[in-house]
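Notes to accompany the following structure.
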Amino acid sequence: MAYSVIHSRRPARARLAIASSLLALTMGAPAFAQDAATVEETTAEPEGDIVVTGSRISRSELSLPNPVQVVTAETIQQSGKTNLTDFLINSPALIGSQSNIDVAGSNLANAQSVGVNLLDLRNLGASRTLTLVDGRRHVAGTPGVAAVDINTIPTDLVERVEQLTGGASAVYGADGVSGVVNFILKKDFDGFRIRGQNSISQRGDAGERFIAATAGKNFADGKGNVTFAYEYNQTDRFSQSDRLNYGRTGPSYSFARNRADFPDDPNVPDRVLYTDLRWADSAPGGAIDLDGDGVPDRTGEGGIYDPGTYLPGTAFTIGGSSTPRETYYGDFTPYTRRHIGNVMARYEFSPAFELYAEGKYVRSKAYTFAQPTYDFYTELAPDNAYLAQRFGSDGANGALVSRDNFDFGIRRYEMERELFRTVVGAKGEIASNLNYDFSYVFGQSTQESTNRNDRITDRYYAALDAVSDGAGGITCRINLPGQTAIQGNNYGGQPVYNGAPLTFTKGQCVPLNVLGQGSPSQAALDFVTVDHSAWARIQQHVVTGVLSGNTGSFFNLPGGPVGFAIGGEYRKESSNYIPSEYSLAGQLMDDAPARIDRGSFDVKEAFAEINLPILADVTLFQNLSVGGAIRLSDYSTVGRTTTWNVNGSYSPIRDITFRGTYSEAVRAPNITELFAGGSGTYQFIVDPCGVDRVAEGTQYRAANCTAALTALGVNPATFDPSNDFTSPQNSSLLGFQGGNRTLSEETAKTWTAGVVLRPSFVPGLSITADWYDIRLKQAIQYSTAQDVVDLCVDQPNLDNIYCDVINRSATNGYISFFTIIPENVASFQTAGLDVTLNYRFEPFDNLGTFAVSFQGNYLDKLEFVPTAGADPENELDSSVYPAPKYSAMFDLTWIKGPLSINYGINWQTKTRRVTREQQAANPDYIEPGYFWYKEKWDHELYFSYDVDENFNLYGGVNNLFDYKPDVGGVGYPISATGRAFFMGVKAKLF
């Protein structure tokens, strides 16, 4: 859908996982988690037939072909994290997911995303990751998409999380081209258990509070169960200003153009680390240019303006009167609060008929502070009364004001959400080895997003145009009899501004003084600013019927009965987004105009799955099975699609299993990609044709830039938008974004091949290694403005789809307009190796039990081709995704009687700070030691003690050694929270 997009200066790059903390016992709210015995239970081998993510067929564990990685509730709790995404983002397969740091402060893409956490499997995009709850779909987290907000899934009810790479579309439908993440919830709960946890960093911030209570009852000799669960979670807003002196990291430190390297010396680094960077020619109280030469002369308070030391080729100075960069970027993470209530019930009338139902209600709120509004060279008329008061005759020619409006109130973005989800169904055994499951899922999410302290354009310019009222006071010019001008614009006596009706009437305007921090009166601010809200509703209906079983009653292969599942599904999704009246009317200075966006689609599907156990329990064929699945879909939008997979597993002996899958999956375009009605969007654009950037692209960039600029009469050799504060590089540019109803589905071909080792001579040990390869064609690409502009000149010539949607000014060559719509033009490929190890052992009877778990990934390839015929872009090791070549999670647990201690490590190798193209073009781009962000080391310690069989105390430390983000990094590669503590209680009341 089209959203109101935040109009801001360039945001800081950051990545942060919210830390857990101490003081849980002060909450007075205990809670229950699993017993220490869970470690043994989760590492023991399953017996009999099971159903696992990626299949609807119950089968022996030895015949499972899918490489599924599993994390348990115990492992999640040991991390100390009550936000599921903050935990899962450490999993190598989910390392690129959207956590709270991506939806706060200056990283926030739009107000509808505040506090939304989305999973991104294999760095192929959240829209390509299918998130399920107990194998069923879940309503989306933001308008127009299918991605699920993980914050709407109750942490304490999760029993385990299963991650499957590739091949899922044939079983579950679209959106799973990169795979599936399936949250399995606890069932048949009996008793009343509570849990409470409190967390805080060692610096006294980034706090979090968590309470969960679960009550359930089995009845009718276990035929029925009713379970109620409630969960409350609150996290404190964590501001970037809390880490201004946190080593050489955060907003206080940044790499910028080396002022000692002009002209360019290849032996001197182009960029070095600076602190005390400030936005050039702008100040909180105003940088005032009185003589019109583009250079501030005075501060808004009346003093002499100190420009500091300018860094050529940047928007910054060092020192002086300008606005400090470190105060500008708002929050690391937002304030969040959520209430989740769940009820689950089932009753088995007979083996042939069991009714079940689930209901969930989520109410949540999140807010974050971003950047202040700002002015660049805004004109004050020569007869401006405040100008005369402050500067006397020096202001007789008017002035240009550049100002960061902290005293207007920093822009705040809020989101309130209400989500309902219900599941009702029936299942049972029709005949021997034949079962049915029929269910209906309804989900609805209603959202209200509020932007605070936005400026109304016509009111702002009217209030700035303050003049003498002739009686010793000051008023707006437009309030005077016969006056119709606002900031020098004449409206011919009509009550309009830029062709639109005014939002006020004559006499209502309150004059605004912007000369000096704190100068604006509250009455003036109330007149020129507004809090406005948008509304959205997402709905999902899913009806599914499945028959599954095997042929054991009438036919068997040498390996056993044939397993099968057949079924049908109907799904309808709709989304409706209504911007505020101010956004619809285009009346805001700091948000782009927006339109009402609505759309819907439905899909009818039939699917089938089969498993053929060829051989079993014979020499060199402990197990041999093959299988496959197919799904036929008919979309109201893209028409008919087909997805399928084939798979197999082979165990020559009990100790070793070989497995593999091959699949073709599809993803139909979502509602936003298809139906977004179109709206304005503000984005920054670093011009790839600038003299400092032209060498950093493909081999085609220089020639294409020369051709494009020369055609406009601009000299490519002197083209440098970085030195102009009015260029799109330093002041965001308004463009257009919208949907594309001609989109078709995208297709992914995936194969996996692996081995499972369970050596009988080492009881309790299991090792898996699986290679995966995903190739996505005709991918829907919804590029940013920066992507579009770069891709235009990085193709073999200028005759491409990206150059078609950008305009350059005939006056100065700058990008003057851009259009962003999705197209089926891109392709992706990723490949790598997943390795897991689980080992439980008791070396001696009196030393207790040890459990070791390991998840690791080797990323061999991550490539992106922006359009057909273009050269592949190697994204491996890129910090933008991030995509480390190696990453891993490791846990060592020791259990001795009532005591359990866990030591965990989250690790990844270094990732690029400087792209390959930048480094190849400029070997002196930066000091050599900073081409890469450092590796990540996150050490965690957890302890748990059973006071008695009904009461447990636990606690721990995250980032045990206070490992800091890299020099010049903002929360990357590790959270800026630093060392943090958590403590909690669990209790079983009955």
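We label chains A, B, ... in the order they appear in the structure tokens, count residues from 1 in each chain, and number ligands from 1 in the order shown.
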
Could the residues of range 814-931 of chain A that have an atom at most 8 Å from range 779-783 of chain A be listed as a tab-separated table, each with its closest atom pair and the distance in Å to one decimal, counting only C-alpha atoms and ordered by chain and ascending residue number?
residue	atom	partner	partner_atom	distance
A:Ile820	CA	A:Ser783	CA	6.6
A:Ile821	CA	A:Tyr782	CA	6.2
A:Pro822	CA	A:Tyr782	CA	4.4
A:Glu823	CA	A:Ile780	CA	5.3
A:Asn824	CA	A:Ile780	CA	4.5
A:Val825	CA	A:Ala779	CA	6.0
A:Ala826	CA	A:Ala779	CA	4.8
A:Ser827	CA	A:Ala779	CA	5.3
A:Phe828	CA	A:Ala779	CA	7.5
A:Pro866	CA	A:Gln781	CA	7.8

Output the selection as an mmCIF file, in the first residue's frame - N, CA and C atoms for each residue.
data_model
loop_
_atom_site.group_PDB
_atom_site.id
_atom_site.type_symbol
_atom_site.label_atom_id
_atom_site.label_comp_id
_atom_site.auth_asym_id
_atom_site.auth_seq_id
_atom_site.Cartn_x
_atom_site.Cartn_y
_atom_site.Cartn_z
ATOM 1 N N ILE A 820 8.660 5.140 -8.320
ATOM 2 C CA ILE A 820 8.972 3.799 -7.848
ATOM 3 C C ILE A 820 7.730 2.928 -7.982
ATOM 4 N N ILE A 821 7.771 1.963 -8.869
ATOM 5 C CA ILE A 821 6.723 0.951 -8.947
ATOM 6 C C ILE A 821 7.394 -0.412 -9.065
ATOM 7 N N PRO A 822 6.760 -1.450 -8.563
ATOM 8 C CA PRO A 822 7.386 -2.772 -8.627
ATOM 9 C C PRO A 822 7.308 -3.360 -10.033
ATOM 10 N N GLU A 823 8.307 -4.142 -10.386
ATOM 11 C CA GLU A 823 8.356 -4.801 -11.685
ATOM 12 C C GLU A 823 8.915 -6.211 -11.507
ATOM 13 N N ASN A 824 8.515 -7.121 -12.412
ATOM 14 C CA ASN A 824 9.078 -8.482 -12.429
ATOM 15 C C ASN A 824 10.375 -8.463 -13.221
ATOM 16 N N VAL A 825 11.425 -7.905 -12.660
ATOM 17 C CA VAL A 825 12.651 -7.703 -13.432
ATOM 18 C C VAL A 825 13.890 -8.296 -12.770
ATOM 19 N N ALA A 826 13.817 -8.651 -11.516
ATOM 20 C CA ALA A 826 15.022 -9.013 -10.766
ATOM 21 C C ALA A 826 15.159 -10.522 -10.634
ATOM 22 N N SER A 827 16.316 -10.932 -10.201
ATOM 23 C CA SER A 827 16.547 -12.327 -9.826
ATOM 24 C C SER A 827 17.526 -12.376 -8.667
ATOM 25 N N PHE A 828 17.416 -13.434 -7.885
ATOM 26 C CA PHE A 828 18.277 -13.640 -6.728
ATOM 27 C C PHE A 828 18.821 -15.071 -6.774
ATOM 28 N N PRO A 866 19.578 -6.986 -10.846
ATOM 29 C CA PRO A 866 18.483 -6.010 -10.765
ATOM 30 C C PRO A 866 17.503 -6.056 -11.925
#

Please, which residues in range 518-625 of chain A fall within 12 Å of range 668-671 of chain A when counting only C-alpha atoms, and what is the closest atom pair and distance in Å to one decimal for each, ordered by chain then residue number, as JSON lines?
{"residue": "A:Ile538", "atom": "CA", "partner": "A:Ile671", "partner_atom": "CA", "distance": 10.5}
{"residue": "A:Gln539", "atom": "CA", "partner": "A:Ile671", "partner_atom": "CA", "distance": 11.8}
{"residue": "A:Lys572", "atom": "CA", "partner": "A:Ile671", "partner_atom": "CA", "distance": 11.3}
{"residue": "A:Glu573", "atom": "CA", "partner": "A:Ile671", "partner_atom": "CA", "distance": 8.5}
{"residue": "A:Ser574", "atom": "CA", "partner": "A:Ile671", "partner_atom": "CA", "distance": 7.6}
{"residue": "A:Ser575", "atom": "CA", "partner": "A:Ile671", "partner_atom": "CA", "distance": 7.2}
{"residue": "A:Asn576", "atom": "CA", "partner": "A:Ile671", "partner_atom": "CA", "distance": 9.7}
{"residue": "A:Tyr577", "atom": "CA", "partner": "A:Ile671", "partner_atom": "CA", "distance": 11.2}
{"residue": "A:Asp597", "atom": "CA", "partner": "A:Ile671", "partner_atom": "CA", "distance": 9.5}
{"residue": "A:Arg598", "atom": "CA", "partner": "A:Ile671", "partner_atom": "CA", "distance": 8.0}
{"residue": "A:Gly599", "atom": "CA", "partner": "A:Ile671", "partner_atom": "CA", "distance": 5.8}
{"residue": "A:Ser600", "atom": "CA", "partner": "A:Ile671", "partner_atom": "CA", "distance": 6.4}
{"residue": "A:Phe601", "atom": "CA", "partner": "A:Ile671", "partner_atom": "CA", "distance": 7.6}
{"residue": "A:Asp602", "atom": "CA", "partner": "A:Ile671", "partner_atom": "CA", "distance": 10.8}
{"residue": "A:Val603", "atom": "CA", "partner": "A:Ala668", "partner_atom": "CA", "distance": 10.1}

May I ask which of the residues A:Ser760, A:Thr457, A:Ser548, A:Thr336 is the closest one to Ser583 in chain A, counting only C-alpha atoms?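 The closest residue to Ser583 in chain A is A:Thr457.
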
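What separates CA of Arg160 in chain A from CA of Leu185 in chain A is a distance of 7.1 Å.
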
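Residues with any atom within 6 Å of range 243-259 of chain A, counting only C-alpha atoms and excluding same-chain neighbours fewer than 6 positions away, are A:Asp270, A:Arg271, A:Val272, A:Leu273, A:Tyr274, A:Thr275, A:Leu311, A:Glu326, A:Val967, A:Gly968, A:Gly969, A:Val970.
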
For the residues in that selection, give me C-alpha atoms as a PDB file, in the first residue's frame.
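The resulting file, out-v4.pdb, is shown below:
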ATOM      1  CA  ASP A 270      39.683   9.574   1.397  1.00  0.00           C
ATOM      2  CA  ARG A 271      37.613   9.140   4.576  1.00  0.00           C
ATOM      3  CA  VAL A 272      38.647   9.163   8.212  1.00  0.00           C
ATOM      4  CA  LEU A 273      36.835   8.897  11.521  1.00  0.00           C
ATOM      5  CA  TYR A 274      35.620  12.177  12.989  1.00  0.00           C
ATOM      6  CA  THR A 275      33.746  13.211  16.073  1.00  0.00           C
ATOM      7  CA  LEU A 311      34.496  18.934   5.413  1.00  0.00           C
ATOM      8  CA  GLU A 326      24.879  13.109  17.487  1.00  0.00           C
ATOM      9  CA  VAL A 967      34.145   1.960  15.399  1.00  0.00           C
ATOM     10  CA  GLY A 968      31.895   4.371  13.537  1.00  0.00           C
ATOM     11  CA  GLY A 969      29.007   1.902  13.660  1.00  0.00           C
ATOM     12  CA  VAL A 970      25.572   2.504  15.171  1.00  0.00           C
TER      13      VAL A 970
END

Sort by chain and increasing residue number a table of all residues of range 764-879 of chain A within 12 Å of range 163-178 of chain A, each with its closest pair of atoms and their distance in Å to one decimal, counting only C-alpha atoms, and write it as JSON lines.
{"residue": "A:Asp770", "atom": "CA", "partner": "A:Thr165", "partner_atom": "CA", "distance": 10.1}
{"residue": "A:Trp771", "atom": "CA", "partner": "A:Thr165", "partner_atom": "CA", "distance": 10.2}
{"residue": "A:Tyr772", "atom": "CA", "partner": "A:Thr165", "partner_atom": "CA", "distance": 7.6}
{"residue": "A:Asp773", "atom": "CA", "partner": "A:Gly166", "partner_atom": "CA", "distance": 8.7}
{"residue": "A:Ile774", "atom": "CA", "partner": "A:Gly166", "partner_atom": "CA", "distance": 7.3}
{"residue": "A:Arg775", "atom": "CA", "partner": "A:Ser178", "partner_atom": "CA", "distance": 9.4}
{"residue": "A:Leu776", "atom": "CA", "partner": "A:Val177", "partner_atom": "CA", "distance": 8.1}
{"residue": "A:Lys777", "atom": "CA", "partner": "A:Val177", "partner_atom": "CA", "distance": 10.8}
{"residue": "A:Ala779", "atom": "CA", "partner": "A:Val177", "partner_atom": "CA", "distance": 10.6}
{"residue": "A:Phe828", "atom": "CA", "partner": "A:Ser178", "partner_atom": "CA", "distance": 10.6}
{"residue": "A:Gln829", "atom": "CA", "partner": "A:Ser178", "partner_atom": "CA", "distance": 10.5}
{"residue": "A:Thr830", "atom": "CA", "partner": "A:Ser178", "partner_atom": "CA", "distance": 9.8}
{"residue": "A:Ala831", "atom": "CA", "partner": "A:Thr165", "partner_atom": "CA", "distance": 10.9}
{"residue": "A:Gly832", "atom": "CA", "partner": "A:Thr165", "partner_atom": "CA", "distance": 11.1}
{"residue": "A:Leu833", "atom": "CA", "partner": "A:Thr165", "partner_atom": "CA", "distance": 11.3}
{"residue": "A:Asp834", "atom": "CA", "partner": "A:Thr165", "partner_atom": "CA", "distance": 10.1}
{"residue": "A:Gln855", "atom": "CA", "partner": "A:Gln163", "partner_atom": "CA", "distance": 11.8}

Dump as a compact mmCIF listing (two decimals), in the first residue's frame, selection limited to N, CA and C atoms:
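Here's the written file result.txt:
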# COMPACT_ATOMS: atom_id res chain seq x y z
N ASP A 770 23.39 -29.73 5.63
CA ASP A 770 22.52 -29.61 4.45
C ASP A 770 22.96 -28.43 3.59
N TRP A 771 23.15 -28.72 2.31
CA TRP A 771 23.43 -27.67 1.34
C TRP A 771 22.11 -27.20 0.75
N TYR A 772 21.99 -25.89 0.56
CA TYR A 772 20.78 -25.33 -0.06
C TYR A 772 21.18 -24.42 -1.20
N ASP A 773 20.32 -24.36 -2.19
CA ASP A 773 20.53 -23.49 -3.34
C ASP A 773 19.16 -22.97 -3.78
N ILE A 774 18.98 -21.66 -3.76
CA ILE A 774 17.70 -21.04 -4.11
C ILE A 774 17.94 -20.07 -5.26
N ARG A 775 17.20 -20.22 -6.34
CA ARG A 775 17.31 -19.33 -7.50
C ARG A 775 15.94 -18.76 -7.80
N LEU A 776 15.83 -17.46 -7.66
CA LEU A 776 14.55 -16.77 -7.80
C LEU A 776 14.55 -15.96 -9.09
N LYS A 777 13.57 -16.24 -9.96
CA LYS A 777 13.48 -15.56 -11.24
C LYS A 777 12.22 -14.70 -11.29
N ALA A 779 11.67 -11.93 -10.19
CA ALA A 779 11.38 -11.43 -8.85
C ALA A 779 10.81 -10.02 -8.92
N PHE A 828 17.42 -13.43 -7.89
CA PHE A 828 18.28 -13.64 -6.73
C PHE A 828 18.82 -15.07 -6.77
N GLN A 829 19.97 -15.24 -6.21
CA GLN A 829 20.46 -16.58 -5.96
C GLN A 829 21.23 -16.59 -4.65
N THR A 830 20.95 -17.59 -3.86
CA THR A 830 21.72 -17.78 -2.63
C THR A 830 21.99 -19.26 -2.45
N ALA A 831 23.12 -19.56 -1.87
CA ALA A 831 23.51 -20.95 -1.63
C ALA A 831 24.41 -21.00 -0.40
N GLY A 832 24.35 -22.10 0.30
CA GLY A 832 25.19 -22.23 1.48
C GLY A 832 25.00 -23.57 2.16
N LEU A 833 25.64 -23.70 3.29
CA LEU A 833 25.63 -24.95 4.05
C LEU A 833 25.18 -24.67 5.47
N ASP A 834 24.15 -25.41 5.91
CA ASP A 834 23.70 -25.37 7.30
C ASP A 834 24.22 -26.60 8.02
N GLN A 855 24.25 -24.37 15.87
CA GLN A 855 23.72 -24.09 14.54
C GLN A 855 24.71 -23.19 13.83

So which residues touch range 465-478 of chain A within 8 Å, counting only C-alpha atoms, skipping near sequence neighbours fewer than 3 positions away, as number ranges by chain? A: 380-381, 383-386, 461-462, 481, 483-487, 506-507, 509-513

List as number ranges by chain the protein and nucleic acid residues near range 397-414 of chain A, meaning an atom at most 7 Å away when only C-alpha atoms are counted, but skip any in the same chain fewer than 5 places from it. A: 111, 114, 281-290, 292, 366-382, 449-454, 517-518, 525

Written selection (N, CA and C atoms) as a tab-separated table (two decimals), in the first residue's frame:
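This went into part_6.tsv:
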chain	number	residue	atom	x	y	z
A	111	ALA	N	5.35	5.38	9.32
A	111	ALA	CA	4.75	5.32	10.65
A	111	ALA	C	4.01	4.03	10.90
A	114	VAL	N	6.17	1.16	13.01
A	114	VAL	CA	6.74	1.32	14.35
A	114	VAL	C	6.50	0.04	15.17
A	281	ASP	N	25.87	24.73	8.23
A	281	ASP	CA	24.97	25.86	7.92
A	281	ASP	C	23.56	25.67	8.43
A	282	SER	N	23.41	25.01	9.59
A	282	SER	CA	22.09	24.84	10.20
A	282	SER	C	22.29	24.76	11.70
A	283	ALA	N	21.33	25.30	12.45
A	283	ALA	CA	21.47	25.34	13.90
A	283	ALA	C	20.10	25.23	14.55
A	284	PRO	N	20.03	24.75	15.80
A	284	PRO	CA	18.73	24.64	16.48
A	284	PRO	C	18.00	25.97	16.61
A	285	GLY	N	18.75	27.06	16.77
A	285	GLY	CA	18.11	28.37	16.86
A	285	GLY	C	18.12	29.14	15.56
A	286	GLY	N	18.68	28.53	14.53
A	286	GLY	CA	18.72	29.16	13.23
A	286	GLY	C	20.11	29.60	12.82
A	287	ALA	N	20.49	29.31	11.59
A	287	ALA	CA	21.70	29.85	10.97
A	287	ALA	C	21.22	30.88	9.98
A	288	ILE	N	21.54	32.15	10.22
A	288	ILE	CA	20.90	33.26	9.51
A	288	ILE	C	21.86	33.87	8.50
A	289	ASP	N	21.45	33.83	7.22
A	289	ASP	CA	22.21	34.47	6.14
A	289	ASP	C	21.55	35.81	5.85
A	290	LEU	N	22.22	36.89	6.22
A	290	LEU	CA	21.65	38.23	6.08
A	290	LEU	C	22.01	38.92	4.78
A	292	GLY	N	22.58	37.17	1.77
A	292	GLY	CA	22.16	36.40	0.61
A	292	GLY	C	23.27	35.69	-0.13
A	366	ALA	N	3.11	1.26	20.24
A	366	ALA	CA	4.53	1.54	20.09
A	366	ALA	C	4.69	2.99	19.65
A	367	TYR	N	5.78	3.60	20.09
A	367	TYR	CA	6.09	4.94	19.60
A	367	TYR	C	7.59	5.14	19.60
A	368	THR	N	8.01	6.06	18.75
A	368	THR	CA	9.43	6.38	18.67
A	368	THR	C	9.59	7.84	18.30
A	369	PHE	N	10.69	8.42	18.77
A	369	PHE	CA	11.07	9.78	18.37
A	369	PHE	C	12.12	9.67	17.27
A	370	ALA	N	11.94	10.45	16.23
A	370	ALA	CA	12.85	10.41	15.10
A	370	ALA	C	13.67	11.70	15.06
A	371	GLN	N	13.53	12.48	14.01
A	371	GLN	CA	14.29	13.71	13.83
A	371	GLN	C	13.36	14.92	13.98
A	372	PRO	N	13.94	16.06	14.24
A	372	PRO	CA	13.10	17.28	14.21
A	372	PRO	C	12.79	17.66	12.77
A	373	THR	N	11.79	18.49	12.59
A	373	THR	CA	11.62	19.11	11.28
A	373	THR	C	12.76	20.11	11.07
A	374	TYR	N	12.94	20.53	9.84
A	374	TYR	CA	14.06	21.44	9.57
A	374	TYR	C	13.73	22.35	8.40
A	375	ASP	N	14.46	23.45	8.30
A	375	ASP	CA	14.37	24.39	7.19
A	375	ASP	C	15.75	24.55	6.57
A	376	PHE	N	15.81	24.58	5.26
A	376	PHE	CA	17.03	24.93	4.54
A	376	PHE	C	16.78	26.19	3.72
A	377	TYR	N	17.43	27.29	4.11
A	377	TYR	CA	17.37	28.55	3.36
A	377	TYR	C	15.93	29.01	3.12
A	378	THR	N	15.16	28.97	4.19
A	378	THR	CA	13.80	29.49	4.13
A	378	THR	C	13.85	31.02	4.22
A	379	GLU	N	13.06	31.67	3.38
A	379	GLU	CA	13.15	33.13	3.25
A	379	GLU	C	12.31	33.85	4.30
A	380	LEU	N	12.91	34.88	4.91
A	380	LEU	CA	12.18	35.85	5.73
A	380	LEU	C	12.18	37.17	4.96
A	381	ALA	N	10.99	37.76	4.85
A	381	ALA	CA	10.84	38.98	4.06
A	381	ALA	C	11.59	40.15	4.71
A	382	PRO	N	11.98	41.17	3.94
A	382	PRO	CA	12.70	42.32	4.51
A	382	PRO	C	11.94	43.03	5.62
A	449	SER	N	-2.16	4.81	13.05
A	449	SER	CA	-0.82	5.38	13.15
A	449	SER	C	-0.93	6.89	13.23
A	450	THR	N	-0.17	7.47	14.14
A	450	THR	CA	-0.25	8.92	14.39
A	450	THR	C	1.12	9.56	14.22
A	451	ASN	N	1.16	10.60	13.42
A	451	ASN	CA	2.36	11.44	13.28
A	451	ASN	C	2.14	12.70	14.10
A	452	ARG	N	3.08	12.99	14.97
A	452	ARG	CA	2.95	14.17	15.83
A	452	ARG	C	3.96	15.24	15.41
A	453	ASN	N	3.52	16.49	15.54
A	453	ASN	CA	4.37	17.66	15.30
A	453	ASN	C	4.76	17.84	13.84
A	454	ASP	N	3.87	17.45	12.93
A	454	ASP	CA	4.08	17.77	11.52
A	454	ASP	C	3.58	19.20	11.24
A	517	GLN	N	16.60	29.57	19.51
A	517	GLN	CA	15.98	28.35	20.04
A	517	GLN	C	15.05	28.71	21.19
A	518	GLY	N	13.84	28.19	21.15
A	518	GLY	CA	12.85	28.48	22.16
A	518	GLY	C	12.03	29.72	21.87
A	525	LEU	N	3.04	27.56	17.64
A	525	LEU	CA	3.28	26.14	17.35
A	525	LEU	C	1.96	25.39	17.23

According to DSSP computed on the backbone, where in range 770-977 of chain A is there helix (DSSP H, G or I)? Give the residues as a PyMOL selection string. chain A and resi 785-793+803-805+845-847+916-921+928-930

Report as an NGL selection string all protein, DNA and RNA residues lying within 10 Å of range 703-709 of chain A, evaluated on only C-alpha atoms, omitting residues in the same chain fewer than 2 positions from it. :A and (687-690 or 694 or 699-701 or 711-717 or 719 or 792-798 or 803 or 808-810 or 812-814)

Contacts of range 907-915 of chain A within 9 Å, only C-alpha atoms, excl. fewer than 3 positions in-chain, as a ChimeraX atom specification: /A:90,92,696,875-880,882-890,918-920,925-926,930-939,973

How would the residues just picked look written out with C-alpha atoms as a compact mmCIF listing (two decimals), in the first residue's frame?
# COMPACT_ATOMS: atom_id res chain seq x y z
CA ASN A 90 20.79 -14.71 15.93
CA PRO A 92 22.08 -17.97 10.87
CA GLU A 696 32.28 3.19 -7.65
CA GLU A 875 25.96 -9.18 -1.86
CA LEU A 876 28.07 -11.67 0.10
CA ASP A 877 29.58 -10.15 3.25
CA SER A 878 27.51 -7.00 2.75
CA SER A 879 26.58 -5.18 5.95
CA VAL A 880 23.48 -3.87 4.19
CA PRO A 882 23.77 -8.33 6.64
CA ALA A 883 25.25 -11.41 5.01
CA PRO A 884 28.30 -12.76 6.87
CA LYS A 885 30.14 -15.62 5.23
CA TYR A 886 30.08 -17.63 8.47
CA SER A 887 27.65 -17.38 11.37
CA ALA A 888 26.75 -19.60 14.30
CA MET A 889 24.84 -20.06 17.56
CA PHE A 890 26.37 -22.23 20.29
CA GLN A 918 33.98 1.23 -3.88
CA GLN A 919 37.16 -0.51 -2.81
CA ALA A 920 38.13 -1.42 -6.39
CA TYR A 925 38.48 4.99 0.02
CA ILE A 926 39.00 4.60 3.78
CA TYR A 930 38.02 -0.11 8.26
CA PHE A 931 37.06 -1.73 4.97
CA TRP A 932 35.17 -4.29 7.05
CA TYR A 933 32.94 -4.18 10.10
CA LYS A 934 34.42 -6.40 12.76
CA GLU A 935 33.07 -9.85 13.60
CA LYS A 936 30.29 -10.24 16.12
CA TRP A 937 30.86 -11.91 19.50
CA ASP A 938 27.89 -12.02 21.84
CA HIS A 939 28.41 -14.10 24.99
CA PRO A 973 27.40 -5.71 14.39

Let me make sure I understand: among A:Tyr635, A:Trp535, A:Phe420, A:Phe442, which one has the smallest atom-to-atom distance to Glu745 in chain A if we use only C-alpha atoms?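 The shortest atom-to-atom distance to Glu745 in chain A comes from A:Tyr635.
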
Under the rule that only C-alpha atoms are counted, which of A:Val51, A:Ala212, A:Leu118, A:Ile653 is the nearest residue to Val985 in chain A? A:Ala212

In terms of only C-alpha atoms, the residue from A:Thr811, A:Thr784, A:Asn83, A:Asn435 at minimal distance from Thr710 in chain A is A:Thr811

Of the candidates A:Thr505, A:Ser625, A:Asn906, A:Thr131, which one gets nearest to Asn611 in chain A if we count only C-alpha atoms? A:Ser625

Pick from A:Ala352, A:Trp279, A:Ser900, A:Gly929 nearest to Thr314 in chain A, counting only C-alpha atoms: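 Of A:Ala352, A:Trp279, A:Ser900, A:Gly929, the one nearest Thr314 in chain A, counting only C-alpha atoms, is A:Trp279.
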
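In this model, the gap between CA of Asn958 in chain A and CA of Val68 in chain A comes to 27.2 Å.
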
Among range 272-353 of chain A, which ones does DSSP assign to strand (DSSP E or B) (computed from the backbone)? Answer as a PyMOL selection string. chain A and resi 272-275+277-279+283+287-289+298-299+304+309-310+316-318+323-324+331-333+335-350+353
